[in-house]
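For reference, the structure discussed in these notes is given below.
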Amino acid sequence: LMADNSQLLAQLAKLQVENRKMAKLLPDVTMSAVEEGRCHEVKVPALHVASSGLEIGSCASKGFAGRMGAAEREIPGLGKVPTLAFVNEEQEEDRLIAENTKLLSELTKLKMEDAKMAKLVQTPTTFMHVIQNGNCAELEIAQNAPEVVKQWMKPGACSEQGFSTKVDSVEQEVQGMGPAVVTMYSNQEAEEQRLMAENSKLLTQLAKLKVEDGKLAKSMKVHI
(Lines give C-alpha, C1' and ligand atoms only; values in the text may rest on other atoms or scores of the structure.)
Protein backbone atom coordinates (compact mmCIF):
# COMPACT_ATOMS: atom_id res chain seq x y z
CA LEU A 1 0.00 0.00 0.00
CA MET A 2 2.78 2.42 0.83
CA ALA A 3 4.32 1.77 -2.56
CA ASP A 4 0.96 2.42 -4.25
CA ASN A 5 0.51 5.66 -2.33
CA SER A 6 3.98 6.84 -3.25
CA GLN A 7 3.29 6.03 -6.88
CA LEU A 8 -0.02 7.97 -6.79
CA LEU A 9 1.62 10.97 -5.14
CA ALA A 10 4.34 10.97 -7.77
CA GLN A 11 1.72 10.86 -10.54
CA LEU A 12 -0.22 13.73 -8.85
CA ALA A 13 2.89 15.87 -8.57
CA LYS A 14 3.67 15.16 -12.21
CA LEU A 15 0.15 16.17 -13.25
CA GLN A 16 0.40 19.40 -11.23
CA VAL A 17 3.69 20.27 -12.94
CA GLU A 18 2.16 19.56 -16.34
CA ASN A 19 -0.91 21.65 -15.46
CA ARG A 20 1.30 24.58 -14.47
CA LYS A 21 3.24 24.28 -17.70
CA MET A 22 -0.03 24.11 -19.66
CA ALA A 23 -1.46 27.12 -17.76
CA LYS A 24 1.62 29.17 -18.61
CA LEU A 25 1.02 28.49 -22.27
CA LEU A 26 -2.56 29.82 -22.01
CA PRO A 27 -3.13 33.60 -22.37
CA ASP A 28 -4.03 35.66 -19.29
CA VAL A 29 -7.76 36.04 -18.69
CA THR A 30 -9.35 39.50 -18.45
CA MET A 31 -11.40 39.66 -15.27
CA SER A 32 -13.22 42.47 -13.47
CA ALA A 33 -15.27 43.42 -10.43
CA VAL A 34 -17.67 46.33 -9.82
CA GLU A 35 -17.24 47.97 -6.42
CA GLU A 36 -18.67 51.28 -5.14
CA GLY A 37 -19.61 52.53 -8.60
CA ARG A 38 -16.21 51.70 -10.09
CA CYS A 39 -15.11 48.75 -12.20
CA HIS A 40 -11.65 47.25 -11.59
CA GLU A 41 -10.11 45.24 -14.41
CA VAL A 42 -7.09 42.92 -14.20
CA LYS A 43 -5.30 40.31 -16.27
CA VAL A 44 -5.20 36.98 -14.36
CA PRO A 45 -3.17 33.89 -15.31
CA ALA A 46 -5.48 31.02 -16.28
CA LEU A 47 -4.29 28.97 -13.31
CA HIS A 48 -5.63 31.58 -10.83
CA VAL A 49 -8.98 32.39 -12.47
CA ALA A 50 -11.02 30.26 -10.06
CA SER A 51 -9.37 31.66 -6.93
CA SER A 52 -9.29 35.32 -8.00
CA GLY A 53 -12.78 36.15 -6.73
CA LEU A 54 -13.44 38.15 -9.92
CA GLU A 55 -15.80 37.72 -12.86
CA ILE A 56 -14.59 36.86 -16.33
CA GLY A 57 -15.00 39.78 -18.73
CA SER A 58 -13.77 43.32 -19.20
CA CYS A 59 -15.16 46.46 -17.56
CA ALA A 60 -16.34 47.65 -20.99
CA SER A 61 -18.57 44.59 -21.24
CA LYS A 62 -20.28 45.78 -18.03
CA GLY A 63 -20.84 49.31 -19.38
CA PHE A 64 -17.80 50.91 -17.72
CA ALA A 65 -15.81 52.51 -20.52
CA GLY A 66 -14.49 55.70 -18.92
CA ARG A 67 -10.97 55.04 -17.70
CA MET A 68 -10.14 56.63 -14.36
CA GLY A 69 -6.63 55.43 -13.53
CA ALA A 70 -4.52 52.54 -12.23
CA ALA A 71 -4.32 50.81 -8.85
CA GLU A 72 -3.37 47.46 -7.29
CA ARG A 73 -5.40 44.50 -6.11
CA GLU A 74 -4.60 41.50 -3.95
CA ILE A 75 -5.11 38.20 -5.83
CA PRO A 76 -4.77 34.93 -3.89
CA GLY A 77 -1.61 33.15 -4.99
CA LEU A 78 -0.37 36.18 -6.95
CA GLY A 79 -0.13 38.94 -4.36
CA LYS A 80 -0.65 42.53 -5.47
CA VAL A 81 -1.24 42.88 -9.20
CA PRO A 82 -1.85 46.09 -11.24
CA THR A 83 -5.47 46.89 -12.09
CA LEU A 84 -7.26 49.48 -14.22
CA ALA A 85 -10.22 51.47 -12.87
CA PHE A 86 -13.17 52.44 -15.07
CA VAL A 87 -16.45 54.30 -14.57
CA ASN A 88 -19.82 54.20 -16.27
CA GLU A 89 -19.75 57.62 -17.94
CA GLU A 90 -23.51 58.13 -17.81
CA GLN A 91 -23.70 57.14 -14.15
CA GLU A 92 -20.62 59.23 -13.40
CA GLU A 93 -22.21 62.27 -15.05
CA ASP A 94 -25.36 61.80 -12.96
CA ARG A 95 -23.22 61.42 -9.84
CA LEU A 96 -21.27 64.59 -10.59
CA ILE A 97 -24.48 66.55 -11.28
CA ALA A 98 -25.91 65.34 -7.95
CA GLU A 99 -22.68 66.31 -6.14
CA ASN A 100 -22.61 69.74 -7.79
CA THR A 101 -26.25 70.33 -6.87
CA LYS A 102 -25.49 69.39 -3.28
CA LEU A 103 -22.43 71.67 -3.20
CA LEU A 104 -24.42 74.60 -4.66
CA SER A 105 -27.11 74.06 -2.06
CA GLU A 106 -24.51 74.06 0.72
CA LEU A 107 -22.86 77.16 -0.76
CA THR A 108 -26.19 79.00 -0.87
CA LYS A 109 -26.83 78.01 2.73
CA LEU A 110 -23.40 79.30 3.77
CA LYS A 111 -23.98 82.60 1.95
CA MET A 112 -27.30 83.05 3.76
CA GLU A 113 -25.64 82.30 7.10
CA ASP A 114 -22.82 84.74 6.27
CA ALA A 115 -25.38 87.42 5.42
CA LYS A 116 -27.17 86.84 8.74
CA MET A 117 -23.87 86.96 10.60
CA ALA A 118 -22.86 90.14 8.78
CA LYS A 119 -26.09 91.81 9.91
CA LEU A 120 -25.38 90.81 13.50
CA VAL A 121 -21.88 92.28 13.46
CA GLN A 122 -22.70 95.24 11.22
CA THR A 123 -21.07 98.51 12.25
CA PRO A 124 -23.60 100.94 13.79
CA THR A 125 -24.62 103.64 11.31
CA THR A 126 -26.07 107.12 11.44
CA PHE A 127 -27.73 109.47 8.94
CA MET A 128 -26.17 112.70 7.69
CA HIS A 129 -27.70 115.25 5.33
CA VAL A 130 -26.98 118.40 3.37
CA ILE A 131 -29.55 120.75 1.79
CA GLN A 132 -28.70 122.04 -1.69
CA ASN A 133 -30.80 123.68 -4.42
CA GLY A 134 -34.06 123.06 -2.59
CA ASN A 135 -33.40 119.34 -2.13
CA CYS A 136 -31.94 117.30 0.72
CA ALA A 137 -29.16 114.77 0.09
CA GLU A 138 -29.07 111.99 2.67
CA LEU A 139 -26.21 109.58 3.41
CA GLU A 140 -26.09 106.62 5.79
CA ILE A 141 -22.58 106.34 7.18
CA ALA A 142 -20.79 104.36 9.87
CA GLN A 143 -20.57 106.11 13.20
CA ASN A 144 -16.80 105.83 12.97
CA ALA A 145 -16.71 107.45 9.50
CA PRO A 146 -13.93 109.98 8.77
CA GLU A 147 -14.46 113.34 10.46
CA VAL A 148 -14.07 115.13 7.12
CA VAL A 149 -17.51 113.82 6.09
CA LYS A 150 -19.09 115.22 9.25
CA GLN A 151 -17.53 118.62 8.59
CA TRP A 152 -19.63 119.40 5.52
CA MET A 153 -22.74 117.34 6.34
CA LYS A 154 -25.15 117.80 9.23
CA PRO A 155 -26.39 114.99 11.49
CA GLY A 156 -29.89 113.63 11.07
CA ALA A 157 -32.11 112.32 8.30
CA CYS A 158 -33.72 114.50 5.62
CA SER A 159 -37.18 113.65 6.96
CA GLU A 160 -36.27 115.43 10.19
CA GLN A 161 -35.78 118.60 8.12
CA GLY A 162 -39.16 118.25 6.39
CA PHE A 163 -37.82 116.57 3.24
CA SER A 164 -39.77 113.32 3.07
CA THR A 165 -40.53 112.83 -0.64
CA LYS A 166 -37.91 110.57 -2.19
CA VAL A 167 -36.62 111.82 -5.53
CA ASP A 168 -33.77 109.46 -6.43
CA SER A 169 -30.94 107.24 -5.14
CA VAL A 170 -27.59 107.32 -6.92
CA GLU A 171 -24.07 106.10 -6.24
CA GLN A 172 -21.60 108.93 -6.39
CA GLU A 173 -18.22 110.02 -5.11
CA VAL A 174 -18.52 111.44 -1.60
CA GLN A 175 -15.82 113.71 -0.25
CA GLY A 176 -13.84 111.89 2.44
CA MET A 177 -15.51 108.51 1.78
CA GLY A 178 -15.28 107.57 -1.86
CA PRO A 179 -18.22 105.88 -3.67
CA ALA A 180 -21.44 105.83 -1.63
CA VAL A 181 -25.21 105.72 -2.19
CA VAL A 182 -26.81 109.16 -1.79
CA THR A 183 -30.59 109.49 -1.56
CA MET A 184 -32.24 112.75 -2.61
CA TYR A 185 -35.45 114.02 -0.97
CA SER A 186 -37.67 117.02 -1.63
CA ASN A 187 -39.94 119.01 0.69
CA GLN A 188 -43.37 118.41 -0.82
CA GLU A 189 -44.97 121.45 0.80
CA ALA A 190 -42.10 123.73 -0.21
CA GLU A 191 -42.14 122.22 -3.69
CA GLU A 192 -45.86 122.88 -4.02
CA GLN A 193 -45.35 126.51 -2.92
CA ARG A 194 -42.49 126.89 -5.40
CA LEU A 195 -44.65 125.52 -8.23
CA MET A 196 -47.54 127.79 -7.24
CA ALA A 197 -45.19 130.79 -7.24
CA GLU A 198 -43.87 129.83 -10.68
CA ASN A 199 -47.43 129.37 -11.97
CA SER A 200 -48.45 132.78 -10.59
CA LYS A 201 -45.45 134.37 -12.24
CA LEU A 202 -46.26 132.69 -15.55
CA LEU A 203 -49.91 133.77 -15.30
CA THR A 204 -48.82 137.36 -14.63
CA GLN A 205 -46.50 137.31 -17.65
CA LEU A 206 -49.28 135.79 -19.77
CA ALA A 207 -51.75 138.50 -18.68
CA LYS A 208 -49.16 141.18 -19.46
CA LEU A 209 -48.63 139.71 -22.94
CA LYS A 210 -52.39 139.68 -23.55
CA VAL A 211 -52.61 143.38 -22.58
CA GLU A 212 -49.73 144.24 -24.90
CA ASP A 213 -51.34 142.21 -27.69
CA GLY A 214 -54.60 144.15 -27.16
CA LYS A 215 -52.79 147.47 -27.38
CA LEU A 216 -50.96 146.38 -30.50
CA ALA A 217 -54.21 145.27 -32.13
CA LYS A 218 -55.87 148.68 -31.43
CA SER A 219 -52.84 150.48 -32.82
CA MET A 220 -53.04 148.49 -36.03
CA LYS A 221 -56.77 149.33 -36.43
CA VAL A 222 -56.08 153.07 -36.05
CA HIS A 223 -53.43 152.96 -38.79
CA ILE A 224 -55.78 151.08 -41.09
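Labels for the C-alpha coordinates follow display order: chains A, B, ..., residues from 1 in each chain, ligands from 1.
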Could you give me, as a ChimeraX atom specification, the residues within 12 Å of region 69-77 of chain A, counting only C-alpha atoms and dropping anything in the same chain fewer than 4 positions from it? /A:31-33,38-45,47-54,65,81-87
Please dump the current selection as an mmCIF file, in the first residue's frame; keep N, CA and C atoms.
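This went into result13.cif:
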```cif
data_model
loop_
_atom_site.group_PDB
_atom_site.id
_atom_site.type_symbol
_atom_site.label_atom_id
_atom_site.label_comp_id
_atom_site.auth_asym_id
_atom_site.auth_seq_id
_atom_site.Cartn_x
_atom_site.Cartn_y
_atom_site.Cartn_z
ATOM 1 N N MET A 31 -10.357 39.812 -16.288
ATOM 2 C CA MET A 31 -11.400 39.660 -15.272
ATOM 3 C C MET A 31 -11.682 41.029 -14.653
ATOM 4 N N SER A 32 -12.837 41.163 -14.030
ATOM 5 C CA SER A 32 -13.217 42.468 -13.471
ATOM 6 C C SER A 32 -14.178 42.315 -12.301
ATOM 7 N N ALA A 33 -14.319 43.379 -11.548
ATOM 8 C CA ALA A 33 -15.265 43.416 -10.427
ATOM 9 C C ALA A 33 -15.761 44.849 -10.263
ATOM 10 N N ARG A 38 -17.389 51.782 -9.242
ATOM 11 C CA ARG A 38 -16.205 51.700 -10.086
ATOM 12 C C ARG A 38 -15.996 50.255 -10.529
ATOM 13 N N CYS A 39 -15.419 50.088 -11.703
ATOM 14 C CA CYS A 39 -15.108 48.748 -12.199
ATOM 15 C C CYS A 39 -13.588 48.594 -12.241
ATOM 16 N N HIS A 40 -13.089 47.516 -11.637
ATOM 17 C CA HIS A 40 -11.655 47.252 -11.585
ATOM 18 C C HIS A 40 -11.341 46.059 -12.487
ATOM 19 N N GLU A 41 -10.437 46.259 -13.407
ATOM 20 C CA GLU A 41 -10.106 45.244 -14.410
ATOM 21 C C GLU A 41 -8.657 44.793 -14.242
ATOM 22 N N VAL A 42 -8.435 43.472 -14.390
ATOM 23 C CA VAL A 42 -7.094 42.921 -14.197
ATOM 24 C C VAL A 42 -6.896 41.705 -15.101
ATOM 25 N N LYS A 43 -5.652 41.495 -15.504
ATOM 26 C CA LYS A 43 -5.296 40.308 -16.269
ATOM 27 C C LYS A 43 -4.837 39.233 -15.284
ATOM 28 N N VAL A 44 -5.488 38.062 -15.304
ATOM 29 C CA VAL A 44 -5.196 36.983 -14.355
ATOM 30 C C VAL A 44 -4.727 35.748 -15.115
ATOM 31 N N PRO A 45 -3.602 35.147 -14.684
ATOM 32 C CA PRO A 45 -3.175 33.890 -15.313
ATOM 33 C C PRO A 45 -4.274 32.846 -15.210
ATOM 34 N N LEU A 47 -4.361 29.851 -14.467
ATOM 35 C CA LEU A 47 -4.290 28.968 -13.306
ATOM 36 C C LEU A 47 -4.966 29.581 -12.080
ATOM 37 N N HIS A 48 -5.100 30.915 -12.026
ATOM 38 C CA HIS A 48 -5.635 31.583 -10.831
ATOM 39 C C HIS A 48 -7.030 32.159 -11.053
ATOM 40 N N VAL A 49 -7.654 31.845 -12.172
ATOM 41 C CA VAL A 49 -8.984 32.385 -12.473
ATOM 42 C C VAL A 49 -9.993 32.007 -11.399
ATOM 43 N N ALA A 50 -10.024 30.745 -11.008
ATOM 44 C CA ALA A 50 -11.024 30.256 -10.060
ATOM 45 C C ALA A 50 -10.860 30.878 -8.678
ATOM 46 N N SER A 51 -9.625 31.164 -8.289
ATOM 47 C CA SER A 51 -9.366 31.659 -6.934
ATOM 48 C C SER A 51 -9.291 33.186 -6.863
ATOM 49 N N SER A 52 -9.473 33.853 -7.982
ATOM 50 C CA SER A 52 -9.293 35.318 -7.995
ATOM 51 C C SER A 52 -10.426 36.080 -7.333
ATOM 52 N N GLY A 53 -11.623 35.471 -7.292
ATOM 53 C CA GLY A 53 -12.781 36.154 -6.729
ATOM 54 C C GLY A 53 -13.370 37.204 -7.658
ATOM 55 N N LEU A 54 -12.960 37.195 -8.925
ATOM 56 C CA LEU A 54 -13.438 38.148 -9.924
ATOM 57 C C LEU A 54 -14.316 37.463 -10.950
ATOM 58 N N ALA A 65 -16.783 52.243 -19.461
ATOM 59 C CA ALA A 65 -15.812 52.512 -20.524
ATOM 60 C C ALA A 65 -14.930 53.725 -20.241
ATOM 61 N N VAL A 81 -1.389 42.789 -7.756
ATOM 62 C CA VAL A 81 -1.237 42.883 -9.205
ATOM 63 C C VAL A 81 -1.834 44.208 -9.678
ATOM 64 N N PRO A 82 -1.308 44.807 -10.747
ATOM 65 C CA PRO A 82 -1.846 46.089 -11.243
ATOM 66 C C PRO A 82 -3.239 45.925 -11.826
ATOM 67 N N THR A 83 -4.095 46.887 -11.554
ATOM 68 C CA THR A 83 -5.466 46.890 -12.089
ATOM 69 C C THR A 83 -5.748 48.230 -12.750
ATOM 70 N N LEU A 84 -6.780 48.258 -13.588
ATOM 71 C CA LEU A 84 -7.259 49.483 -14.215
ATOM 72 C C LEU A 84 -8.654 49.786 -13.678
ATOM 73 N N ALA A 85 -8.915 51.063 -13.398
ATOM 74 C CA ALA A 85 -10.221 51.469 -12.870
ATOM 75 C C ALA A 85 -11.009 52.181 -13.960
ATOM 76 N N PHE A 86 -12.292 51.840 -14.065
ATOM 77 C CA PHE A 86 -13.174 52.440 -15.070
ATOM 78 C C PHE A 86 -14.476 52.893 -14.406
ATOM 79 N N VAL A 87 -15.137 53.846 -15.043
ATOM 80 C CA VAL A 87 -16.448 54.296 -14.573
ATOM 81 C C VAL A 87 -17.456 54.198 -15.703
#
```
Which residue of A:Ala190, A:Ala157, A:Cys59, A:Ala10 approaches Ala137 (chain A) most closely, using only C-alpha atoms: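 With only C-alpha atoms as the atom set, the closest residue is A:Ala157.
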Extract, using only C-alpha atoms, all DNA, RNA and protein residues at most 12 Å from Met184 (chain A), discarding same-chain residues fewer than 3 positions from it, and format them as a PyMOL selection string. chain A and resi 128-139+157-159+163-172+181+187
Could you tell me, as a VMD selection string, which residues of region 3-217 of chain A DSSP assigns to strand (DSSP E or B) when given the backbone? chain A and resid 29 to 35 38 to 44 55 to 56 66 to 75 79 to 87 125 to 132 135 to 142 154 to 155 165 to 174 178 to 186
Provide the CA of Ile141 (chain A) to CA of Met177 (chain A) distance in Å, to one decimal place.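 Atom-to-atom, CA of Ile141 (chain A) and CA of Met177 (chain A) are spaced 9.2 Å apart.
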Those in region 92-183 of chain A with helix (DSSP H, G or I) from DSSP, as JSON, numbers by chain: {"A": [92, 93, 94, 95, 96, 97, 98, 99, 100, 101, 102, 103, 104, 105, 106, 107, 108, 109, 110, 111, 112, 113, 114, 115, 116, 117, 118, 119, 120, 147, 148, 149, 150, 151, 152, 158, 159, 160, 161]}
For CA of Glu90 (chain A) and CA of Gly37 (chain A), the interatomic separation in Å (one decimal): 11.5 Å
Report the distance between CA of Glu113 (chain A) and CA of Thr126 (chain A) in Å, rounded to one decimal place.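 Interatomic distance here is 25.2 Å.
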Point out the residue among A:Thr123, A:Val182, A:Leu103, A:Gln7 with the least atom-to-atom distance to Glu140 (chain A), counting only C-alpha atoms.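 When distances to Glu140 (chain A) are compared using only C-alpha atoms, the smallest one comes from A:Val182.
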